[in-house]
Amino acid sequence: MIALGWTTANKALPDDVTYHGDGEIRILMMKQSTDVDARSKLQAQVRCFEAGIDFVPIAPSQEISPVAAEQLLAESDLRDTVIGLQEKAQLTLVIDMPDRPKVESPSGRAWLLERQLHLSKKEQIVRQISEFAQDLTLEFTPLRQSKNRMQCNMLVARRRAHEVIRAIALGLRHLPHLEEVKLAITGPWPPYDFTTSKQFA
Amino acid sequence: MPVEMQLASATETLESSDSRLVDLVDGLLDHGVAIRGELWLSVADVDLVFLGLDVVLATPDRMRPAGALQ
């Protein structure tokens with residue numbers, strides 16, 4: 001069987017998932033033991049989360065048996081993480097920027113500076129987003145980016161996730177200089193990007 | 001012109017064929033508790049160095065064998 005994460009929950013689970021262990025913290029695991037790809041594990045984790053189960057997710061690409069998951073729990077600080085992430089959810093923002101204007105840079109330094117300027121514009125957008133959600137957000141991950149796309153993740157109280165989404169959506173509609181930016185707000189997700197965080201509010 | 005904005009629940013994101021949501025889902029597959037980690041070192045948005053890391057989730061004192069000097 002394949003472990004999906006660690007939880008203190010004791011609620012009804014989706015049909016294809018069961019509990020392993022009987023301690024304070026138990027392992028969520030898939031009943032199916034073979035032919036489980038990473039995407040199926042992710043879907044099972046989302047089903048658990050949407051069924052109201054708070055848990056610390058194992059990366060879906062990882063194959064960790066329930067026994068190995070128990071061992072990891074015993075030999076690490078995971079307990080604190082499981083307790084700290086109770087009633088927390090992750091929102092993920094994807095921001096697509098317009099293409100950078102092509103500038104012939106006279107030197108490597110000028111090229112780096114020009115890229116830095118573009119990056120600071122991106123960071124400004126994220127700052128604006130965080131201002132809308134400041135009072136509602138517990139933690140942000142650093143900006144992750146590729147070419148014209150950037151992504152950031154917010155840890156929020158699960159019960160306020162939709163409130164945060166509304167606050168960001170409403171606030172951003174009124175910012176005049178975000179033309180050409182495309183934004184996707186997704187979630188609530190299990191807290192995939194906060195499993196090593198120590199800053200739980 | 002207003003910001004183009006898309007809101008999607010986790011399930012809607014998983015079922016979407018929109019390329020950026022598909023990319024997001026692909027990215028999530030490697031997130032969560034992992035035994036293996038990756039680190040990119042960048043300067044001014046330019047990726048310079050990639051490190052593959054084997055990660056052990058433990059505090060330093062738990063890593064020390066019992067009886068070892070602090």
# chains A, B, ... in the order shown; residues from 1 in each chain; ligands from 1
>>> residues_around(residues="stretch 4-18 of chain B", least_positions_apart="5", cutoff="10 Å", atoms="only C-alpha atoms", output="NGL selection string")
(:A and (39 or 42-43 or 46-47 or 49-50 or 91-96 or 162 or 165-166 or 169 or 172-173 or 178-190)) or (:B and (23-26))
>>> select_by_dssp(residues="stretch 53-179 of chain A", states="helix (DSSP H, G or I)", output="PyMOL selection string")
chain A and resi 66-74+78-84+108-133+158-173+176-178
>>> write_last_selection(atoms="C-alpha atoms", output="PDB file, in the first residue's frame")
ATOM      1  CA  PRO A  66       2.966   3.070   5.412  1.00  0.00           C
ATOM      2  CA  VAL A  67       5.751   1.397   7.404  1.00  0.00           C
ATOM      3  CA  ALA A  68       8.342   3.830   6.040  1.00  0.00           C
ATOM      4  CA  ALA A  69       5.921   6.696   6.759  1.00  0.00           C
ATOM      5  CA  GLU A  70       5.612   5.519  10.385  1.00  0.00           C
ATOM      6  CA  GLN A  71       9.383   5.339  10.666  1.00  0.00           C
ATOM      7  CA  LEU A  72       9.749   8.823   9.222  1.00  0.00           C
ATOM      8  CA  LEU A  73       7.246  10.094  11.767  1.00  0.00           C
ATOM      9  CA  ALA A  74       9.142   8.467  14.641  1.00  0.00           C
ATOM     10  CA  LEU A  78       6.872  15.569  11.467  1.00  0.00           C
ATOM     11  CA  ARG A  79       4.579  15.473  14.478  1.00  0.00           C
ATOM     12  CA  ASP A  80       5.025  19.222  15.001  1.00  0.00           C
ATOM     13  CA  THR A  81       4.310  19.808  11.330  1.00  0.00           C
ATOM     14  CA  VAL A  82       1.167  17.684  11.413  1.00  0.00           C
ATOM     15  CA  ILE A  83      -0.116  19.556  14.464  1.00  0.00           C
ATOM     16  CA  GLY A  84       0.944  22.932  13.042  1.00  0.00           C
ATOM     17  CA  GLY A 108      26.268  41.251 -19.760  1.00  0.00           C
ATOM     18  CA  ARG A 109      25.853  43.605 -16.835  1.00  0.00           C
ATOM     19  CA  ALA A 110      23.175  45.612 -18.639  1.00  0.00           C
ATOM     20  CA  TRP A 111      21.417  42.383 -19.578  1.00  0.00           C
ATOM     21  CA  LEU A 112      21.410  41.214 -15.948  1.00  0.00           C
ATOM     22  CA  LEU A 113      20.169  44.601 -14.758  1.00  0.00           C
ATOM     23  CA  GLU A 114      17.401  44.578 -17.310  1.00  0.00           C
ATOM     24  CA  ARG A 115      16.315  41.135 -16.126  1.00  0.00           C
ATOM     25  CA  GLN A 116      16.488  42.315 -12.539  1.00  0.00           C
ATOM     26  CA  LEU A 117      14.156  45.186 -13.381  1.00  0.00           C
ATOM     27  CA  HIS A 118      11.695  42.754 -14.914  1.00  0.00           C
ATOM     28  CA  LEU A 119      11.938  40.590 -11.783  1.00  0.00           C
ATOM     29  CA  SER A 120      11.282  43.526  -9.470  1.00  0.00           C
ATOM     30  CA  LYS A 121       8.144  44.313 -11.474  1.00  0.00           C
ATOM     31  CA  LYS A 122       7.003  40.754 -10.895  1.00  0.00           C
ATOM     32  CA  GLU A 123       7.755  41.038  -7.189  1.00  0.00           C
ATOM     33  CA  GLN A 124       5.757  44.247  -7.029  1.00  0.00           C
ATOM     34  CA  ILE A 125       2.738  42.398  -8.361  1.00  0.00           C
ATOM     35  CA  VAL A 126       3.132  39.705  -5.728  1.00  0.00           C
ATOM     36  CA  ARG A 127       3.479  42.382  -3.038  1.00  0.00           C
ATOM     37  CA  GLN A 128       0.239  43.933  -4.207  1.00  0.00           C
ATOM     38  CA  ILE A 129      -1.452  40.581  -4.054  1.00  0.00           C
ATOM     39  CA  SER A 130      -0.114  39.940  -0.569  1.00  0.00           C
ATOM     40  CA  GLU A 131      -1.408  43.326   0.606  1.00  0.00           C
ATOM     41  CA  PHE A 132      -4.928  42.291  -0.278  1.00  0.00           C
ATOM     42  CA  ALA A 133      -4.552  39.111   1.663  1.00  0.00           C
ATOM     43  CA  ARG A 158      -8.856  26.578   5.909  1.00  0.00           C
ATOM     44  CA  ARG A 159     -12.172  28.077   6.992  1.00  0.00           C
ATOM     45  CA  ARG A 160     -11.131  31.432   5.511  1.00  0.00           C
ATOM     46  CA  ALA A 161      -9.743  30.156   2.206  1.00  0.00           C
ATOM     47  CA  HIS A 162     -12.694  31.337   0.133  1.00  0.00           C
ATOM     48  CA  GLU A 163     -12.662  34.686   1.915  1.00  0.00           C
ATOM     49  CA  VAL A 164      -9.003  35.145   0.903  1.00  0.00           C
ATOM     50  CA  ILE A 165      -9.755  34.160  -2.688  1.00  0.00           C
ATOM     51  CA  ARG A 166     -12.571  36.717  -2.826  1.00  0.00           C
ATOM     52  CA  ALA A 167     -10.358  39.417  -1.263  1.00  0.00           C
ATOM     53  CA  ILE A 168      -7.602  38.884  -3.817  1.00  0.00           C
ATOM     54  CA  ALA A 169     -10.000  38.631  -6.731  1.00  0.00           C
ATOM     55  CA  LEU A 170     -11.866  41.791  -5.747  1.00  0.00           C
ATOM     56  CA  GLY A 171      -8.742  43.764  -4.939  1.00  0.00           C
ATOM     57  CA  LEU A 172      -6.901  42.924  -8.127  1.00  0.00           C
ATOM     58  CA  ARG A 173      -9.775  43.942 -10.319  1.00  0.00           C
ATOM     59  CA  PRO A 176      -4.957  49.814 -13.042  1.00  0.00           C
ATOM     60  CA  HIS A 177      -1.416  48.759 -13.978  1.00  0.00           C
ATOM     61  CA  LEU A 178      -1.943  45.039 -14.123  1.00  0.00           C
TER      62      LEU A 178
END
>>> select_by_dssp(residues="stretch 42-156 of chain A", states="strand (DSSP E or B)", output="list in words")
Val56, Pro57, Ile58, Lys88, Ala89, Gln90, Leu91, Thr92, Leu93, Val94, Ile95, Asp96, Thr137, Leu138, Glu139, Phe140, Arg144, Gln145, Ser146, Arg149, Met150, Gln151, Cys152, Asn153, Met154, Leu155 and Val156 of chain A
>>> write_last_selection(atoms="N, CA and C atoms", output="PDB file, in the first residue's frame")
ATOM      1  N   VAL A  56      -0.715  16.259   6.426  1.00  0.00           N
ATOM      2  CA  VAL A  56       0.536  16.690   5.805  1.00  0.00           C
ATOM      3  C   VAL A  56       0.789  15.755   4.629  1.00  0.00           C
ATOM      4  N   PRO A  57       0.763  16.292   3.422  1.00  0.00           N
ATOM      5  CA  PRO A  57       0.854  15.396   2.263  1.00  0.00           C
ATOM      6  C   PRO A  57       2.274  14.946   1.951  1.00  0.00           C
ATOM      7  N   ILE A  58       2.387  13.713   1.517  1.00  0.00           N
ATOM      8  CA  ILE A  58       3.637  13.210   0.937  1.00  0.00           C
ATOM      9  C   ILE A  58       3.619  13.624  -0.536  1.00  0.00           C
ATOM     10  N   LYS A  88      -5.281  24.163   8.164  1.00  0.00           N
ATOM     11  CA  LYS A  88      -4.624  25.087   7.235  1.00  0.00           C
ATOM     12  C   LYS A  88      -4.820  24.569   5.803  1.00  0.00           C
ATOM     13  N   ALA A  89      -4.823  25.517   4.888  1.00  0.00           N
ATOM     14  CA  ALA A  89      -4.948  25.145   3.477  1.00  0.00           C
ATOM     15  C   ALA A  89      -4.002  26.003   2.658  1.00  0.00           C
ATOM     16  N   GLN A  90      -3.706  25.522   1.483  1.00  0.00           N
ATOM     17  CA  GLN A  90      -2.813  26.266   0.593  1.00  0.00           C
ATOM     18  C   GLN A  90      -3.622  26.818  -0.576  1.00  0.00           C
ATOM     19  N   LEU A  91      -3.362  28.071  -0.908  1.00  0.00           N
ATOM     20  CA  LEU A  91      -3.872  28.648  -2.147  1.00  0.00           C
ATOM     21  C   LEU A  91      -2.674  28.860  -3.060  1.00  0.00           C
ATOM     22  N   THR A  92      -2.840  28.582  -4.312  1.00  0.00           N
ATOM     23  CA  THR A  92      -1.738  28.740  -5.252  1.00  0.00           C
ATOM     24  C   THR A  92      -2.129  29.736  -6.337  1.00  0.00           C
ATOM     25  N   LEU A  93      -1.282  30.718  -6.524  1.00  0.00           N
ATOM     26  CA  LEU A  93      -1.518  31.744  -7.528  1.00  0.00           C
ATOM     27  C   LEU A  93      -0.567  31.537  -8.690  1.00  0.00           C
ATOM     28  N   VAL A  94      -1.097  31.592  -9.882  1.00  0.00           N
ATOM     29  CA  VAL A  94      -0.259  31.539 -11.075  1.00  0.00           C
ATOM     30  C   VAL A  94      -0.449  32.856 -11.811  1.00  0.00           C
ATOM     31  N   ILE A  95       0.650  33.510 -12.065  1.00  0.00           N
ATOM     32  CA  ILE A  95       0.575  34.833 -12.700  1.00  0.00           C
ATOM     33  C   ILE A  95       1.366  34.790 -14.005  1.00  0.00           C
ATOM     34  N   ASP A  96       0.691  35.050 -15.102  1.00  0.00           N
ATOM     35  CA  ASP A  96       1.363  35.102 -16.397  1.00  0.00           C
ATOM     36  C   ASP A  96       1.585  36.554 -16.790  1.00  0.00           C
ATOM     37  N   THR A 137      -3.662  35.950   5.518  1.00  0.00           N
ATOM     38  CA  THR A 137      -2.670  34.953   5.123  1.00  0.00           C
ATOM     39  C   THR A 137      -1.669  34.707   6.240  1.00  0.00           C
ATOM     40  N   LEU A 138      -1.334  33.453   6.467  1.00  0.00           N
ATOM     41  CA  LEU A 138      -0.396  33.120   7.527  1.00  0.00           C
ATOM     42  C   LEU A 138       1.043  33.136   7.024  1.00  0.00           C
ATOM     43  N   GLU A 139       1.235  32.739   5.786  1.00  0.00           N
ATOM     44  CA  GLU A 139       2.591  32.621   5.269  1.00  0.00           C
ATOM     45  C   GLU A 139       2.570  32.551   3.749  1.00  0.00           C
ATOM     46  N   PHE A 140       3.618  33.090   3.135  1.00  0.00           N
ATOM     47  CA  PHE A 140       3.794  32.999   1.685  1.00  0.00           C
ATOM     48  C   PHE A 140       5.042  32.174   1.389  1.00  0.00           C
ATOM     49  N   ARG A 144       8.203  31.505  -7.179  1.00  0.00           N
ATOM     50  CA  ARG A 144       8.870  30.557  -8.064  1.00  0.00           C
ATOM     51  C   ARG A 144       8.530  30.972  -9.486  1.00  0.00           C
ATOM     52  N   GLN A 145       9.506  30.996 -10.350  1.00  0.00           N
ATOM     53  CA  GLN A 145       9.173  31.480 -11.682  1.00  0.00           C
ATOM     54  C   GLN A 145       9.902  30.784 -12.797  1.00  0.00           C
ATOM     55  N   SER A 146       9.258  30.831 -13.932  1.00  0.00           N
ATOM     56  CA  SER A 146       9.870  30.352 -15.161  1.00  0.00           C
ATOM     57  C   SER A 146       9.449  31.346 -16.234  1.00  0.00           C
ATOM     58  N   ARG A 149       6.098  33.233 -16.367  1.00  0.00           N
ATOM     59  CA  ARG A 149       5.095  32.726 -15.438  1.00  0.00           C
ATOM     60  C   ARG A 149       5.679  32.704 -14.039  1.00  0.00           C
ATOM     61  N   MET A 150       4.888  33.114 -13.072  1.00  0.00           N
ATOM     62  CA  MET A 150       5.364  32.972 -11.693  1.00  0.00           C
ATOM     63  C   MET A 150       4.251  32.394 -10.844  1.00  0.00           C
ATOM     64  N   GLN A 151       4.691  31.823  -9.773  1.00  0.00           N
ATOM     65  CA  GLN A 151       3.749  31.127  -8.905  1.00  0.00           C
ATOM     66  C   GLN A 151       4.104  31.408  -7.463  1.00  0.00           C
ATOM     67  N   CYS A 152       3.098  31.664  -6.652  1.00  0.00           N
ATOM     68  CA  CYS A 152       3.365  31.733  -5.218  1.00  0.00           C
ATOM     69  C   CYS A 152       2.245  31.016  -4.489  1.00  0.00           C
ATOM     70  N   ASN A 153       2.568  30.576  -3.307  1.00  0.00           N
ATOM     71  CA  ASN A 153       1.619  29.793  -2.516  1.00  0.00           C
ATOM     72  C   ASN A 153       1.375  30.497  -1.197  1.00  0.00           C
ATOM     73  N   MET A 154       0.138  30.470  -0.767  1.00  0.00           N
ATOM     74  CA  MET A 154      -0.218  31.102   0.500  1.00  0.00           C
ATOM     75  C   MET A 154      -0.792  30.059   1.432  1.00  0.00           C
ATOM     76  N   LEU A 155      -0.372  30.141   2.684  1.00  0.00           N
ATOM     77  CA  LEU A 155      -0.957  29.285   3.706  1.00  0.00           C
ATOM     78  C   LEU A 155      -2.046  30.100   4.398  1.00  0.00           C
ATOM     79  N   VAL A 156      -3.244  29.572   4.420  1.00  0.00           N
ATOM     80  CA  VAL A 156      -4.364  30.299   5.027  1.00  0.00           C
ATOM     81  C   VAL A 156      -5.129  29.368   5.957  1.00  0.00           C
TER      82      VAL A 156
END
>>> residues_around(residues="stretch 3-7 of chain A", least_positions_apart="6", cutoff="8 Å", atoms="only C-alpha atoms", output="NGL selection string")
:A and (25-30 or 41 or 45 or 53-60 or 63-66 or 69 or 82)
>>> closest_residue(among="B:Leu51, B:Leu29, B:Val22, B:Val46", to="chain A", atoms="only C-alpha atoms")
B:Leu29
>>> closest_residue(among="B:Val33, B:Val43, B:Leu21, B:Val49", to="chain A", atoms="only C-alpha atoms")
B:Val33
>>> atom_distance(atom1="atom CA of B:Gly32", atom2="atom CA of A:Thr196")
8.5 Å
